[in-house]
Amino acid sequence: MSALNLDDFAHLIERPDGGVRRDAEERRARLAVPPGALGRLDELGEWLAGAQAQVPVRPIRQARLVLFAGDHGVAELGVSARPAGGTKDLVRAVLDGASPAAVLARGAGTQLRVVDMAVDCDPGELPEEVTRHRVRRGSGRIDVEDALTAEEAEAAFRAGMAVADEEADAGTDLVVLGDLSVGGTTAASTLVAALCGTDASVVTGRGGARIDDLAWMRKCAAIRDALRRARPVLGDQLELLAAVGGADLTAITGFLLQSAVRRTPVILDGVVSAACALVAQRVAFRAPDWWLAGQASGEPAQAKALDRIALNPLLDHGVTAGEGTGALLALPLVQAAAALAAELPVRD
């Protein structure tokens, strides 16, 4: 296996076609619906035209919810409302169709895919198609040790790239991205604090299941300790992910970058996908042009990351369930923008 060179992404990733987007803007000006009457839907339609390199745009017909799953050793410190090692139950709920994300995906007719990168259970407890990319059983406790070895980080990153290629090859025209993890928001907040140069208290949130004040203080202390380990490796994004990320976050970063290479648009969900997007932006500055922020989760680290990469969330309904739920709620808005841009008649 050849060495992974992240610098290649800066050359491989191109922006969505600007000329096509201008053509979409001109076409919009000739629609019977007055300019501005569709609000942000116009902007989304033009963005999709650039991403698809086509005017009028194609309707979104094959969206897919992709959830990367992994446990984090830092959860042992009581930084989450869920028990350490509890990601297996989250995965099982999704596979059984009993989670909010599964219900929404089913209602929208959207297929879902779970990718186990580091769930802390025997791989035989989950379907083989879920576990085939697994790198390890649980990621390391980032306040005192690396989340991954260098070899594991590269394997996780490549796994994310492989999933992006599989989706592109299968004809997926829009990815709704999410995560299933216990302790994942702690790792994500550490990445955001490290890359934005802020203190732990600025990025520490309450998590999807809303922790109490004591757990918040434990989480803040864990992020502060992890930051001491993150700062020396800020110059190398793969080393940073190995030090304080985890297998799932590393895979998501690889997925985002390779999706941009393959010109596959992605809707981000919460703080975990936002943190990975921030890391990916440091690798390839044009990559964020292929992403949308689905919703504001209320996590301060997410807000800081999205502000840094200049993405404005489509929705703000206070949804903290995670698992891609917020991004799924934004999917009908993007589908509506595509349908309107594709089907509204143009004036002579």
# chains A, B, ... in the order shown; residues from 1 in each chain; ligands from 1
>>> residues_around(residues="A:Ala101", least_positions_apart="2", cutoff="9 Å", atoms="only C-alpha atoms", output="PyMOL selection string")
chain A and resi 65+94+97-99+103-106+112+321-326+328
>>> write_last_selection(atoms="N, CA and C atoms", output="PDB file, in the first residue's frame")
ATOM      1  N   LEU A  65     -28.203   8.095   3.559  1.00  0.00           N
ATOM      2  CA  LEU A  65     -27.722   8.420   4.895  1.00  0.00           C
ATOM      3  C   LEU A  65     -26.560   7.488   5.228  1.00  0.00           C
ATOM      4  N   VAL A  94     -30.520   1.699  15.052  1.00  0.00           N
ATOM      5  CA  VAL A  94     -30.617   2.151  13.662  1.00  0.00           C
ATOM      6  C   VAL A  94     -30.932   0.974  12.744  1.00  0.00           C
ATOM      7  N   GLY A  97     -34.403  -0.125  12.835  1.00  0.00           N
ATOM      8  CA  GLY A  97     -35.396   0.862  12.408  1.00  0.00           C
ATOM      9  C   GLY A  97     -36.068   1.581  13.541  1.00  0.00           C
ATOM     10  N   ALA A  98     -35.447   1.588  14.737  1.00  0.00           N
ATOM     11  CA  ALA A  98     -36.094   2.144  15.918  1.00  0.00           C
ATOM     12  C   ALA A  98     -35.493   3.470  16.373  1.00  0.00           C
ATOM     13  N   SER A  99     -34.530   4.036  15.639  1.00  0.00           N
ATOM     14  CA  SER A  99     -33.924   5.314  16.030  1.00  0.00           C
ATOM     15  C   SER A  99     -34.593   6.450  15.262  1.00  0.00           C
ATOM     16  N   VAL A 103     -36.210   6.237  11.418  1.00  0.00           N
ATOM     17  CA  VAL A 103     -37.608   6.576  11.137  1.00  0.00           C
ATOM     18  C   VAL A 103     -37.692   7.646  10.053  1.00  0.00           C
ATOM     19  N   LEU A 104     -36.856   8.688  10.178  1.00  0.00           N
ATOM     20  CA  LEU A 104     -36.881   9.765   9.188  1.00  0.00           C
ATOM     21  C   LEU A 104     -36.420   9.274   7.821  1.00  0.00           C
ATOM     22  N   ALA A 105     -35.372   8.452   7.811  1.00  0.00           N
ATOM     23  CA  ALA A 105     -34.874   7.927   6.541  1.00  0.00           C
ATOM     24  C   ALA A 105     -35.939   7.075   5.866  1.00  0.00           C
ATOM     25  N   ARG A 106     -36.615   6.270   6.656  1.00  0.00           N
ATOM     26  CA  ARG A 106     -37.667   5.415   6.098  1.00  0.00           C
ATOM     27  C   ARG A 106     -38.802   6.268   5.533  1.00  0.00           C
ATOM     28  N   LEU A 112     -30.178   3.855   4.190  1.00  0.00           N
ATOM     29  CA  LEU A 112     -29.160   4.210   5.174  1.00  0.00           C
ATOM     30  C   LEU A 112     -28.069   3.139   5.213  1.00  0.00           C
ATOM     31  N   ALA A 321     -30.500  15.128  18.719  1.00  0.00           N
ATOM     32  CA  ALA A 321     -30.487  13.664  18.732  1.00  0.00           C
ATOM     33  C   ALA A 321     -29.264  13.072  18.066  1.00  0.00           C
ATOM     34  N   GLY A 322     -28.600  13.837  17.176  1.00  0.00           N
ATOM     35  CA  GLY A 322     -27.449  13.291  16.468  1.00  0.00           C
ATOM     36  C   GLY A 322     -27.859  12.237  15.454  1.00  0.00           C
ATOM     37  N   GLU A 323     -26.919  11.347  15.136  1.00  0.00           N
ATOM     38  CA  GLU A 323     -27.169  10.210  14.236  1.00  0.00           C
ATOM     39  C   GLU A 323     -27.594  10.643  12.835  1.00  0.00           C
ATOM     40  N   GLY A 324     -27.266  11.872  12.449  1.00  0.00           N
ATOM     41  CA  GLY A 324     -27.691  12.364  11.143  1.00  0.00           C
ATOM     42  C   GLY A 324     -29.097  12.914  11.116  1.00  0.00           C
ATOM     43  N   THR A 325     -29.757  12.980  12.277  1.00  0.00           N
ATOM     44  CA  THR A 325     -31.160  13.397  12.318  1.00  0.00           C
ATOM     45  C   THR A 325     -31.353  14.814  11.798  1.00  0.00           C
ATOM     46  N   GLY A 326     -30.526  15.742  12.262  1.00  0.00           N
ATOM     47  CA  GLY A 326     -30.664  17.129  11.823  1.00  0.00           C
ATOM     48  C   GLY A 326     -30.421  17.292  10.338  1.00  0.00           C
ATOM     49  N   LEU A 328     -30.878  14.972   8.102  1.00  0.00           N
ATOM     50  CA  LEU A 328     -32.019  14.362   7.416  1.00  0.00           C
ATOM     51  C   LEU A 328     -33.198  15.319   7.334  1.00  0.00           C
TER      52      LEU A 328
END
>>> closest_atom_pairs(of="stretch 240-341 of chain A", to="stretch 184-191 of chain A", cutoff="10 Å", atoms="only C-alpha atoms", output="CSV")
residue,atom,partner,partner_atom,distance
A:Leu240,CA,A:Leu191,CA,7.9
A:Leu241,CA,A:Leu191,CA,8.0
A:Ala243,CA,A:Ala187,CA,9.8
A:Val244,CA,A:Ala187,CA,6.1
A:Gly245,CA,A:Ala187,CA,5.4
A:Gly246,CA,A:Ala187,CA,7.4
A:Asp248,CA,A:Gly184,CA,8.5
A:Leu249,CA,A:Ala188,CA,7.7
A:Gly270,CA,A:Thr185,CA,9.1
A:Val271,CA,A:Thr185,CA,6.6
A:Val272,CA,A:Ala188,CA,5.2
A:Ser273,CA,A:Ala188,CA,8.2
A:Ala274,CA,A:Ala188,CA,8.2
A:Ala275,CA,A:Ala188,CA,5.4
A:Cys276,CA,A:Ala188,CA,7.5
A:Leu278,CA,A:Leu191,CA,8.4
A:Val279,CA,A:Leu191,CA,7.7
A:Glu299,CA,A:Thr185,CA,8.9
A:Pro300,CA,A:Ser189,CA,8.5
A:Ala301,CA,A:Ser189,CA,5.4
A:Gln302,CA,A:Ser189,CA,7.9
A:Lys304,CA,A:Ser189,CA,9.7
A:Ala305,CA,A:Ser189,CA,9.3
>>> write_last_selection(atoms="N, CA, C and O atoms", output="mmCIF file, in the first residue's frame")
data_model
loop_
_atom_site.group_PDB
_atom_site.id
_atom_site.type_symbol
_atom_site.label_atom_id
_atom_site.label_comp_id
_atom_site.auth_asym_id
_atom_site.auth_seq_id
_atom_site.Cartn_x
_atom_site.Cartn_y
_atom_site.Cartn_z
ATOM 1 N N LEU A 240 -2.876 14.535 13.817
ATOM 2 C CA LEU A 240 -3.843 15.145 14.737
ATOM 3 C C LEU A 240 -5.028 14.214 14.964
ATOM 4 O O LEU A 240 -5.468 14.015 16.105
ATOM 5 N N LEU A 241 -5.538 13.628 13.900
ATOM 6 C CA LEU A 241 -6.658 12.697 14.028
ATOM 7 C C LEU A 241 -6.257 11.453 14.805
ATOM 8 O O LEU A 241 -7.047 10.912 15.585
ATOM 9 N N ALA A 243 -3.996 11.384 17.143
ATOM 10 C CA ALA A 243 -3.749 11.761 18.536
ATOM 11 C C ALA A 243 -5.050 11.959 19.304
ATOM 12 O O ALA A 243 -5.212 11.429 20.415
ATOM 13 N N VAL A 244 -6.007 12.708 18.730
ATOM 14 C CA VAL A 244 -7.186 13.094 19.514
ATOM 15 C C VAL A 244 -8.496 12.897 18.770
ATOM 16 O O VAL A 244 -9.546 13.334 19.247
ATOM 17 N N GLY A 245 -8.480 12.239 17.621
ATOM 18 C CA GLY A 245 -9.715 12.038 16.869
ATOM 19 C C GLY A 245 -10.367 10.721 17.194
ATOM 20 O O GLY A 245 -11.186 10.604 18.103
ATOM 21 N N GLY A 246 -9.975 9.707 16.486
ATOM 22 C CA GLY A 246 -10.584 8.387 16.638
ATOM 23 C C GLY A 246 -10.839 7.799 15.270
ATOM 24 O O GLY A 246 -10.788 8.496 14.252
ATOM 25 N N ASP A 248 -13.585 6.668 13.847
ATOM 26 C CA ASP A 248 -14.764 7.167 13.134
ATOM 27 C C ASP A 248 -14.543 8.566 12.599
ATOM 28 O O ASP A 248 -14.875 8.875 11.453
ATOM 29 N N LEU A 249 -13.950 9.445 13.397
ATOM 30 C CA LEU A 249 -13.704 10.811 12.934
ATOM 31 C C LEU A 249 -12.665 10.843 11.811
ATOM 32 O O LEU A 249 -12.783 11.635 10.874
ATOM 33 N N GLY A 270 -24.049 17.205 12.789
ATOM 34 C CA GLY A 270 -23.756 17.924 14.023
ATOM 35 C C GLY A 270 -22.285 18.253 14.209
ATOM 36 O O GLY A 270 -21.532 18.442 13.258
ATOM 37 N N VAL A 271 -21.867 18.285 15.475
ATOM 38 C CA VAL A 271 -20.521 18.750 15.801
ATOM 39 C C VAL A 271 -19.457 17.798 15.285
ATOM 40 O O VAL A 271 -18.354 18.228 14.917
ATOM 41 N N VAL A 272 -19.735 16.501 15.250
ATOM 42 C CA VAL A 272 -18.714 15.552 14.798
ATOM 43 C C VAL A 272 -18.402 15.765 13.322
ATOM 44 O O VAL A 272 -17.231 15.896 12.935
ATOM 45 N N SER A 273 -19.422 15.818 12.477
ATOM 46 C CA SER A 273 -19.155 16.030 11.056
ATOM 47 C C SER A 273 -18.589 17.424 10.805
ATOM 48 O O SER A 273 -17.759 17.607 9.896
ATOM 49 N N ALA A 274 -18.986 18.418 11.598
ATOM 50 C CA ALA A 274 -18.442 19.765 11.439
ATOM 51 C C ALA A 274 -16.961 19.796 11.795
ATOM 52 O O ALA A 274 -16.158 20.451 11.118
ATOM 53 N N ALA A 275 -16.565 19.091 12.863
ATOM 54 C CA ALA A 275 -15.155 19.043 13.246
ATOM 55 C C ALA A 275 -14.324 18.366 12.164
ATOM 56 O O ALA A 275 -13.224 18.828 11.819
ATOM 57 N N CYS A 276 -14.840 17.276 11.619
ATOM 58 C CA CYS A 276 -14.121 16.587 10.548
ATOM 59 C C CYS A 276 -14.031 17.461 9.303
ATOM 60 O O CYS A 276 -13.012 17.456 8.598
ATOM 61 N N LEU A 278 -13.798 20.666 9.342
ATOM 62 C CA LEU A 278 -12.772 21.658 9.633
ATOM 63 C C LEU A 278 -11.380 21.085 9.392
ATOM 64 O O LEU A 278 -10.501 21.753 8.831
ATOM 65 N N VAL A 279 -11.167 19.826 9.811
ATOM 66 C CA VAL A 279 -9.894 19.171 9.536
ATOM 67 C C VAL A 279 -9.696 19.036 8.028
ATOM 68 O O VAL A 279 -8.616 19.325 7.495
ATOM 69 N N GLU A 299 -24.343 22.947 19.762
ATOM 70 C CA GLU A 299 -23.007 22.698 20.309
ATOM 71 C C GLU A 299 -22.082 23.860 19.950
ATOM 72 O O GLU A 299 -21.967 24.211 18.768
ATOM 73 N N PRO A 300 -21.420 24.458 20.933
ATOM 74 C CA PRO A 300 -20.555 25.600 20.616
ATOM 75 C C PRO A 300 -19.417 25.250 19.666
ATOM 76 O O PRO A 300 -19.017 26.076 18.846
ATOM 77 N N ALA A 301 -18.911 24.030 19.736
ATOM 78 C CA ALA A 301 -17.832 23.636 18.831
ATOM 79 C C ALA A 301 -18.327 23.567 17.393
ATOM 80 O O ALA A 301 -17.596 23.908 16.457
ATOM 81 N N GLN A 302 -19.566 23.125 17.202
ATOM 82 C CA GLN A 302 -20.097 23.089 15.848
ATOM 83 C C GLN A 302 -20.220 24.504 15.284
ATOM 84 O O GLN A 302 -19.841 24.764 14.135
ATOM 85 N N LYS A 304 -18.554 27.136 16.040
ATOM 86 C CA LYS A 304 -17.220 27.687 15.766
ATOM 87 C C LYS A 304 -16.631 27.082 14.503
ATOM 88 O O LYS A 304 -16.041 27.790 13.677
ATOM 89 N N ALA A 305 -16.798 25.760 14.322
ATOM 90 C CA ALA A 305 -16.264 25.106 13.127
ATOM 91 C C ALA A 305 -16.963 25.602 11.867
ATOM 92 O O ALA A 305 -16.310 25.906 10.857
#
>>> closest_residue(among="A:Arg263, A:Arg21, A:Arg206, A:Arg141", to="A:Ala226", atoms="only C-alpha atoms")
A:Arg141
>>> select_by_dssp(residues="stretch 90-227 of chain A", states="helix (DSSP H, G or I)", output="PyMOL selection string")
chain A and resi 90-95+100-108+123-125+128-131+150-169+184-196+200-203+213-227
>>> closest_residue(among="A:Ile309, A:Leu214, A:Val266, A:Ala260", to="A:Ala81", atoms="only C-alpha atoms")
A:Leu214
>>> closest_residue(among="A:Val135, A:Leu227, A:Ala310, A:Val79", to="A:Gln281", atoms="only C-alpha atoms")
A:Ala310
>>> select_by_dssp(residues="stretch 135-345 of chain A", states="strand (DSSP E or B)", output="list in words")
Ser139, Leu174, Val175, Val176, Leu177, Gly178, Asp179, Leu180, Ser181, Val182, Val266, Ile267, Leu268, Trp291, Leu292, Ala293, Gln295 and Leu315 of chain A
>>> residues_around(residues="A:His11", least_positions_apart="3", cutoff="10 Å", atoms="only C-alpha atoms", output="ChimeraX atom specification")
/A:6-8,14,261,284,286
>>> residues_around(residues="A:Ala150", least_positions_apart="2", cutoff="10 Å", atoms="only C-alpha atoms", output="list of chain:residue names")
A:Asp146, A:Ala147, A:Leu148, A:Glu152, A:Ala153, A:Glu154, A:Ala155, A:Ala156, A:Leu238, A:Glu239, A:Leu241, A:Ala242, A:Ala243
>>> write_last_selection(atoms="N, CA and C atoms", output="compact mmCIF listing (two decimals), in the first residue's frame")
# COMPACT_ATOMS: atom_id res chain seq x y z
N ASP A 146 -2.91 8.33 22.62
CA ASP A 146 -3.40 8.54 21.27
C ASP A 146 -4.67 7.72 21.03
N ALA A 147 -5.56 8.29 20.24
CA ALA A 147 -6.78 7.56 19.87
C ALA A 147 -6.45 6.37 18.98
N LEU A 148 -5.44 6.54 18.11
CA LEU A 148 -5.08 5.52 17.13
C LEU A 148 -3.57 5.49 16.95
N GLU A 152 -3.26 2.64 12.17
CA GLU A 152 -4.71 2.61 12.28
C GLU A 152 -5.34 3.87 11.70
N ALA A 153 -4.69 5.02 11.91
CA ALA A 153 -5.22 6.27 11.37
C ALA A 153 -5.25 6.23 9.85
N GLU A 154 -4.19 5.73 9.24
CA GLU A 154 -4.17 5.64 7.79
C GLU A 154 -5.23 4.67 7.29
N ALA A 155 -5.37 3.54 7.99
CA ALA A 155 -6.38 2.55 7.59
C ALA A 155 -7.79 3.14 7.69
N ALA A 156 -8.06 3.89 8.76
CA ALA A 156 -9.38 4.50 8.94
C ALA A 156 -9.64 5.55 7.87
N LEU A 238 -3.31 14.17 9.72
CA LEU A 238 -3.48 12.75 10.00
C LEU A 238 -2.93 12.41 11.39
N GLU A 239 -1.83 13.03 11.76
CA GLU A 239 -1.30 12.85 13.12
C GLU A 239 -2.26 13.41 14.15
N LEU A 241 -5.54 13.63 13.90
CA LEU A 241 -6.66 12.70 14.03
C LEU A 241 -6.26 11.45 14.80
N ALA A 242 -5.03 10.99 14.61
CA ALA A 242 -4.56 9.83 15.35
C ALA A 242 -4.43 10.15 16.83
N ALA A 243 -4.00 11.38 17.14
CA ALA A 243 -3.75 11.76 18.54
C ALA A 243 -5.05 11.96 19.30
